[in-house]
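S.K.: Handing you a structure now.
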Amino acid sequence: MGPVELPAWLQPRYRKNAYLFVYYLIQFCGHSWIFTNMTVRFFSFGKDSMVDTFYAIGLVMRLCQLISLLELLHIYVGIESNHLLPRFLQLTERIIILFVVITSQEEVQEKYVVCVLFIFWNLLDMVRYTYSMLSVIGISYVVLTWLSQTLWMPIYPLCVLAEAFAVYQSLPYFESFGTYSTKLPFDLFIYFPYVLKIYLMMLFIGMYFTYSHLYSERRDILKVFPIKKKKI
């Protein structure tokens with residue numbers, strides 16, 4: 001007797017693709033809900049909707065960003081082909097801004113920059129997760145591929161500028177309330193506003209590294225995509 005062939009749904013590759021498809025679908029639905037909610041609220045309430053953006057969709061945004069940390073595990077164990085360090089920088093950047101800067105200061109949550117930042121994040125993620133979700137099941141479109149590899153070029157630097165502006169606007173509140181500032185043994189003291197100012201410089205350094213990586217990735221994908229498209 002020859003070896004017994006496993007059903008398709010039991011094969012490791014199928015299970016991996018099924019898992020990734022479900023993961024990308026969940027993220028796409030979450031970010032689409034956020035973007036749709038923000039759009040409807042803006043057309044219904046105008047500028048007033050921007051002030052309470054965080055209160056309306058902050059919970060779902062935080063859930064989506066926490067779930068996205070799984071992508072580091074995906075890359076580490078090899079079920080997702082990507083470079084770990086650039087993705088780590090992107091995720092860390094968002095986690096710090098969302099949880100450390102925005103969530104910890106109610107006054108910052110009411111700033112217009114939070115709404116602008118959420119719009120940028122969701123535009124990028126809706127396109128990225130749509131492209132990834134379809135790629136997993138072997139579907140690719142020229143326009144979607146080009147968009148997923150091009151949209152970040154103007155928006156990612158704007159994201160970093162918005163993140164930097166959010167940090168800048170939060171500094172007076174961290175200085176007034178002393179949030180995260182703490183005294184250590186041996187008369188050492190961590191003054192958190194200084195930490196944020198250092199982080200501002202690191203933010204732009206990280207942007208240069210991430211932008212270079214994404215540009216190189218874009219060049220490679222768009223260079224080979226026409227060949228793949230013909231095979232499909």
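Starting from 1 in every chain, residues are counted up; chains themselves are A, B, ... following the order of the structure tokens, and ligands are numbered from 1 as listed.
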Where in chain A does DSSP assign helix (DSSP H, G or I), given as a PyMOL selection string?
M.R.: chain A and resi 8-10+12-45+48-51+53-67+70-77+84-102+106-109+112-136+142-148+152-177+192-231
S.K.: As number ranges by chain, please: all residues of stretch 40-224 of chain A that backbone DSSP puts in strand (DSSP E or B).
M.R.: A: 182-184, 188-190
S.K.: Selection from above, all heavy atoms, as a PDB file, in the first residue's frame, can you write it?
M.R.:
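This went into result39.pdb:
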```pdb
ATOM      1  N   THR A 182       8.871  58.690  37.493  1.00  0.00           N
ATOM      2  CA  THR A 182       9.019  57.906  38.716  1.00  0.00           C
ATOM      3  C   THR A 182      10.410  58.064  39.301  1.00  0.00           C
ATOM      4  O   THR A 182      11.380  58.337  38.572  1.00  0.00           O
ATOM      5  CB  THR A 182       8.729  56.412  38.435  1.00  0.00           C
ATOM      6  OG1 THR A 182       8.814  55.674  39.642  1.00  0.00           O
ATOM      7  CG2 THR A 182       9.741  55.851  37.441  1.00  0.00           C
ATOM      8  N   LYS A 183      10.476  57.896  40.597  1.00  0.00           N
ATOM      9  CA  LYS A 183      11.765  57.980  41.297  1.00  0.00           C
ATOM     10  C   LYS A 183      12.320  56.581  41.501  1.00  0.00           C
ATOM     11  O   LYS A 183      11.620  55.661  41.916  1.00  0.00           O
ATOM     12  CB  LYS A 183      11.586  58.673  42.646  1.00  0.00           C
ATOM     13  CG  LYS A 183      12.905  58.948  43.351  1.00  0.00           C
ATOM     14  CD  LYS A 183      12.700  59.750  44.629  1.00  0.00           C
ATOM     15  CE  LYS A 183      14.043  60.060  45.291  1.00  0.00           C
ATOM     16  NZ  LYS A 183      13.871  60.852  46.543  1.00  0.00           N
ATOM     17  N   LEU A 184      13.596  56.422  41.183  1.00  0.00           N
ATOM     18  CA  LEU A 184      14.275  55.140  41.304  1.00  0.00           C
ATOM     19  C   LEU A 184      15.224  55.169  42.497  1.00  0.00           C
ATOM     20  O   LEU A 184      15.517  56.237  43.055  1.00  0.00           O
ATOM     21  CB  LEU A 184      15.048  54.837  40.014  1.00  0.00           C
ATOM     22  CG  LEU A 184      14.215  54.736  38.733  1.00  0.00           C
ATOM     23  CD1 LEU A 184      15.137  54.540  37.534  1.00  0.00           C
ATOM     24  CD2 LEU A 184      13.208  53.603  38.815  1.00  0.00           C
ATOM     25  N   LEU A 188      17.831  58.412  41.687  1.00  0.00           N
ATOM     26  CA  LEU A 188      17.619  58.534  40.255  1.00  0.00           C
ATOM     27  C   LEU A 188      16.148  58.822  39.984  1.00  0.00           C
ATOM     28  O   LEU A 188      15.269  58.333  40.691  1.00  0.00           O
ATOM     29  CB  LEU A 188      18.041  57.250  39.540  1.00  0.00           C
ATOM     30  CG  LEU A 188      19.520  56.882  39.639  1.00  0.00           C
ATOM     31  CD1 LEU A 188      19.778  55.543  38.962  1.00  0.00           C
ATOM     32  CD2 LEU A 188      20.387  57.965  39.004  1.00  0.00           C
ATOM     33  N   PHE A 189      15.900  59.621  38.961  1.00  0.00           N
ATOM     34  CA  PHE A 189      14.520  60.017  38.662  1.00  0.00           C
ATOM     35  C   PHE A 189      14.294  59.986  37.160  1.00  0.00           C
ATOM     36  O   PHE A 189      15.097  60.537  36.388  1.00  0.00           O
ATOM     37  CB  PHE A 189      14.249  61.433  39.191  1.00  0.00           C
ATOM     38  CG  PHE A 189      12.820  61.863  39.043  1.00  0.00           C
ATOM     39  CD1 PHE A 189      11.839  61.373  39.889  1.00  0.00           C
ATOM     40  CD2 PHE A 189      12.447  62.751  38.038  1.00  0.00           C
ATOM     41  CE1 PHE A 189      10.516  61.767  39.762  1.00  0.00           C
ATOM     42  CE2 PHE A 189      11.128  63.142  37.894  1.00  0.00           C
ATOM     43  CZ  PHE A 189      10.159  62.654  38.763  1.00  0.00           C
ATOM     44  N   ILE A 190      13.231  59.306  36.754  1.00  0.00           N
ATOM     45  CA  ILE A 190      12.862  59.257  35.336  1.00  0.00           C
ATOM     46  C   ILE A 190      11.781  60.300  35.088  1.00  0.00           C
ATOM     47  O   ILE A 190      10.673  60.196  35.615  1.00  0.00           O
ATOM     48  CB  ILE A 190      12.347  57.867  34.934  1.00  0.00           C
ATOM     49  CG1 ILE A 190      13.454  56.824  35.080  1.00  0.00           C
ATOM     50  CG2 ILE A 190      11.836  57.874  33.485  1.00  0.00           C
ATOM     51  CD1 ILE A 190      13.027  55.417  34.733  1.00  0.00           C
TER      52      ILE A 190
END
```
S.K.: Mind pulling up the distance from atom CA of A:Leu151 to atom CA of A:Thr36?
M.R.: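 Distance between the two atoms: 18.8 Å.
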S.K.: Using only C-alpha atoms, which of the listed residues (A:Leu203, A:Phe118, A:Gln105, A:Leu70) sits closest to A:Ile57?
M.R.: A:Phe118
S.K.: Of the candidates A:Ser140, A:Ser170, A:Ser148, A:Ser181, which shows the shortest atom-to-atom distance to A:Arg128, using only C-alpha atoms?
M.R.: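 Among A:Ser140, A:Ser170, A:Ser148, A:Ser181, it is A:Ser148 that comes nearest to A:Arg128.
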S.K.: Between atom CA of A:Cys29 and atom CA of A:Phe209, what is the distance in Å, rounded to a tenth?
M.R.: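 If I compute the distance from atom CA of A:Cys29 to atom CA of A:Phe209, I get 29.5 Å.
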S.K.: Quick one: residues within 9 Å of stretch 204-206 of chain A, only C-alpha atoms, excluding same-chain residues fewer than 6 positions away - as JSON, numbers by chain?
M.R.: {"A": [86, 89, 90, 93, 160, 161, 164]}
S.K.: Using the selection just defined, write its residues with all heavy atoms as a PDB file, in the first residue's frame.
M.R.:
```
ATOM      1  N   PRO A  86      11.520  45.544  10.696  1.00  0.00           N
ATOM      2  CA  PRO A  86      10.659  46.636  10.223  1.00  0.00           C
ATOM      3  C   PRO A  86       9.231  46.542  10.750  1.00  0.00           C
ATOM      4  O   PRO A  86       8.631  47.556  11.114  1.00  0.00           O
ATOM      5  CB  PRO A  86      10.705  46.490   8.703  1.00  0.00           C
ATOM      6  CG  PRO A  86      11.966  45.763   8.423  1.00  0.00           C
ATOM      7  CD  PRO A  86      12.148  44.833   9.566  1.00  0.00           C
ATOM      8  N   LEU A  89       9.156  47.597  14.380  1.00  0.00           N
ATOM      9  CA  LEU A  89       9.215  49.053  14.526  1.00  0.00           C
ATOM     10  C   LEU A  89       7.854  49.691  14.261  1.00  0.00           C
ATOM     11  O   LEU A  89       7.425  50.600  14.996  1.00  0.00           O
ATOM     12  CB  LEU A  89      10.262  49.634  13.574  1.00  0.00           C
ATOM     13  CG  LEU A  89      11.723  49.324  13.888  1.00  0.00           C
ATOM     14  CD1 LEU A  89      12.628  49.889  12.799  1.00  0.00           C
ATOM     15  CD2 LEU A  89      12.117  49.881  15.251  1.00  0.00           C
ATOM     16  N   GLN A  90       7.163  49.222  13.225  1.00  0.00           N
ATOM     17  CA  GLN A  90       5.855  49.780  12.902  1.00  0.00           C
ATOM     18  C   GLN A  90       4.843  49.530  14.017  1.00  0.00           C
ATOM     19  O   GLN A  90       4.091  50.431  14.401  1.00  0.00           O
ATOM     20  CB  GLN A  90       5.338  49.176  11.586  1.00  0.00           C
ATOM     21  CG  GLN A  90       6.078  49.663  10.347  1.00  0.00           C
ATOM     22  CD  GLN A  90       5.581  48.975   9.097  1.00  0.00           C
ATOM     23  OE1 GLN A  90       5.873  47.805   8.857  1.00  0.00           O
ATOM     24  NE2 GLN A  90       4.814  49.688   8.293  1.00  0.00           N
ATOM     25  N   GLU A  93       5.711  51.460  17.257  1.00  0.00           N
ATOM     26  CA  GLU A  93       5.383  52.871  17.035  1.00  0.00           C
ATOM     27  C   GLU A  93       3.915  53.143  17.352  1.00  0.00           C
ATOM     28  O   GLU A  93       3.568  54.078  18.089  1.00  0.00           O
ATOM     29  CB  GLU A  93       5.702  53.184  15.580  1.00  0.00           C
ATOM     30  CG  GLU A  93       5.443  54.568  15.096  1.00  0.00           C
ATOM     31  CD  GLU A  93       5.780  54.662  13.606  1.00  0.00           C
ATOM     32  OE1 GLU A  93       6.936  54.373  13.230  1.00  0.00           O
ATOM     33  OE2 GLU A  93       4.877  55.010  12.828  1.00  0.00           O
ATOM     34  N   VAL A 160       3.665  59.482  10.602  1.00  0.00           N
ATOM     35  CA  VAL A 160       4.742  59.778  11.544  1.00  0.00           C
ATOM     36  C   VAL A 160       4.663  61.228  12.012  1.00  0.00           C
ATOM     37  O   VAL A 160       4.860  61.525  13.205  1.00  0.00           O
ATOM     38  CB  VAL A 160       6.121  59.488  10.909  1.00  0.00           C
ATOM     39  CG1 VAL A 160       7.248  59.922  11.834  1.00  0.00           C
ATOM     40  CG2 VAL A 160       6.245  58.005  10.581  1.00  0.00           C
ATOM     41  N   LEU A 161       4.355  62.151  11.097  1.00  0.00           N
ATOM     42  CA  LEU A 161       4.190  63.554  11.486  1.00  0.00           C
ATOM     43  C   LEU A 161       3.036  63.718  12.469  1.00  0.00           C
ATOM     44  O   LEU A 161       3.141  64.464  13.447  1.00  0.00           O
ATOM     45  CB  LEU A 161       3.965  64.421  10.251  1.00  0.00           C
ATOM     46  CG  LEU A 161       5.175  64.637   9.339  1.00  0.00           C
ATOM     47  CD1 LEU A 161       4.763  65.414   8.088  1.00  0.00           C
ATOM     48  CD2 LEU A 161       6.283  65.391  10.076  1.00  0.00           C
ATOM     49  N   ALA A 164       4.115  62.359  15.801  1.00  0.00           N
ATOM     50  CA  ALA A 164       5.023  63.305  16.458  1.00  0.00           C
ATOM     51  C   ALA A 164       4.246  64.484  17.023  1.00  0.00           C
ATOM     52  O   ALA A 164       4.531  64.958  18.136  1.00  0.00           O
ATOM     53  CB  ALA A 164       6.079  63.788  15.465  1.00  0.00           C
TER      54      ALA A 164
END
```
S.K.: List as an MDAnalysis selection string the protein and nucleic acid residues near A:Thr145, meaning an atom at most 10 Å away when only C-alpha atoms are counted, but skip any in the same chain fewer than 4 places from it.
M.R.: chainID A and resid 127:128 130:132 135 140:141 149:150 218 221:222 225
S.K.: So what do you get for atom CA of A:Asn37 versus atom CA of A:Leu124, distance-wise?
M.R.: 16.3 Å
S.K.: Given only C-alpha atoms as the basis, pick out the residue of A:Gln65, A:Val136, A:Tyr168, A:Trp152 nearest to A:Tyr215.
M.R.: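 Comparing A:Gln65, A:Val136, A:Tyr168, A:Trp152 against A:Tyr215, the winner is A:Trp152.
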S.K.: With distances taken over only C-alpha atoms, which of A:Tyr14, A:Tyr112, A:Phe88, A:Tyr23 is nearest to A:Asp52?
M.R.: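 When distances to A:Asp52 are compared using only C-alpha atoms, the smallest one comes from A:Tyr112.
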S.K.: Residues near A:Leu73, anyone? I mean within 12 Å using only C-alpha atoms, not counting same-chain ones fewer than 4 positions away, as JSON, numbers by chain.
M.R.: {"A": [67, 68, 69, 77, 78, 79, 80, 81, 82, 83, 84, 87, 88]}
S.K.: Ranking A:Tyr129, A:Phe42, A:Trp146, A:Phe165 by minimum distance to A:Ile102 and counting only C-alpha atoms, which one comes first?
M.R.: A:Phe165
S.K.: Which residues of stretch 59-101 of chain A come within 12 Å of stretch 191-199 of chain A, and for each one, what is the closest pair of atoms and their distance in Å to one decimal, counting only C-alpha atoms, sorted by chain and residue number, as JSON lines?
M.R.:
```
{"residue": "A:Thr92", "atom": "CA", "partner": "A:Tyr199", "partner_atom": "CA", "distance": 11.5}
{"residue": "A:Glu93", "atom": "CA", "partner": "A:Tyr199", "partner_atom": "CA", "distance": 9.7}
{"residue": "A:Ile96", "atom": "CA", "partner": "A:Tyr199", "partner_atom": "CA", "distance": 9.7}
{"residue": "A:Ile97", "atom": "CA", "partner": "A:Leu196", "partner_atom": "CA", "distance": 10.2}
{"residue": "A:Val100", "atom": "CA", "partner": "A:Leu196", "partner_atom": "CA", "distance": 10.0}
{"residue": "A:Val101", "atom": "CA", "partner": "A:Leu196", "partner_atom": "CA", "distance": 9.0}
```
S.K.: Can you write just those residues out, N, CA and C atoms, as a PDB file, in the first residue's frame?
M.R.:
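Written out: out-v4.pdb:
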```
ATOM      1  N   THR A  92       5.466  48.711  17.227  1.00  0.00           N
ATOM      2  CA  THR A  92       5.872  49.387  18.458  1.00  0.00           C
ATOM      3  C   THR A  92       5.510  50.862  18.410  1.00  0.00           C
ATOM      4  N   GLU A  93       5.711  51.460  17.257  1.00  0.00           N
ATOM      5  CA  GLU A  93       5.383  52.871  17.035  1.00  0.00           C
ATOM      6  C   GLU A  93       3.915  53.143  17.352  1.00  0.00           C
ATOM      7  N   ILE A  96       2.988  52.444  21.242  1.00  0.00           N
ATOM      8  CA  ILE A  96       3.438  53.527  22.123  1.00  0.00           C
ATOM      9  C   ILE A  96       2.535  54.743  21.995  1.00  0.00           C
ATOM     10  N   ILE A  97       2.223  55.140  20.755  1.00  0.00           N
ATOM     11  CA  ILE A  97       1.393  56.318  20.543  1.00  0.00           C
ATOM     12  C   ILE A  97      -0.016  56.089  21.085  1.00  0.00           C
ATOM     13  N   VAL A 100       0.397  54.529  25.267  1.00  0.00           N
ATOM     14  CA  VAL A 100       1.172  55.332  26.216  1.00  0.00           C
ATOM     15  C   VAL A 100       0.810  56.808  26.128  1.00  0.00           C
ATOM     16  N   VAL A 101       0.714  57.332  24.910  1.00  0.00           N
ATOM     17  CA  VAL A 101       0.508  58.779  24.736  1.00  0.00           C
ATOM     18  C   VAL A 101      -0.972  59.150  24.772  1.00  0.00           C
TER      19      VAL A 101
END
```
S.K.: Given only C-alpha atoms as the basis, pick out the residue of A:Phe28, A:Tyr173, A:Tyr55, A:Phe35 nearest to A:Val116.
M.R.: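 That would be A:Phe35, the residue with the smallest distance to A:Val116.
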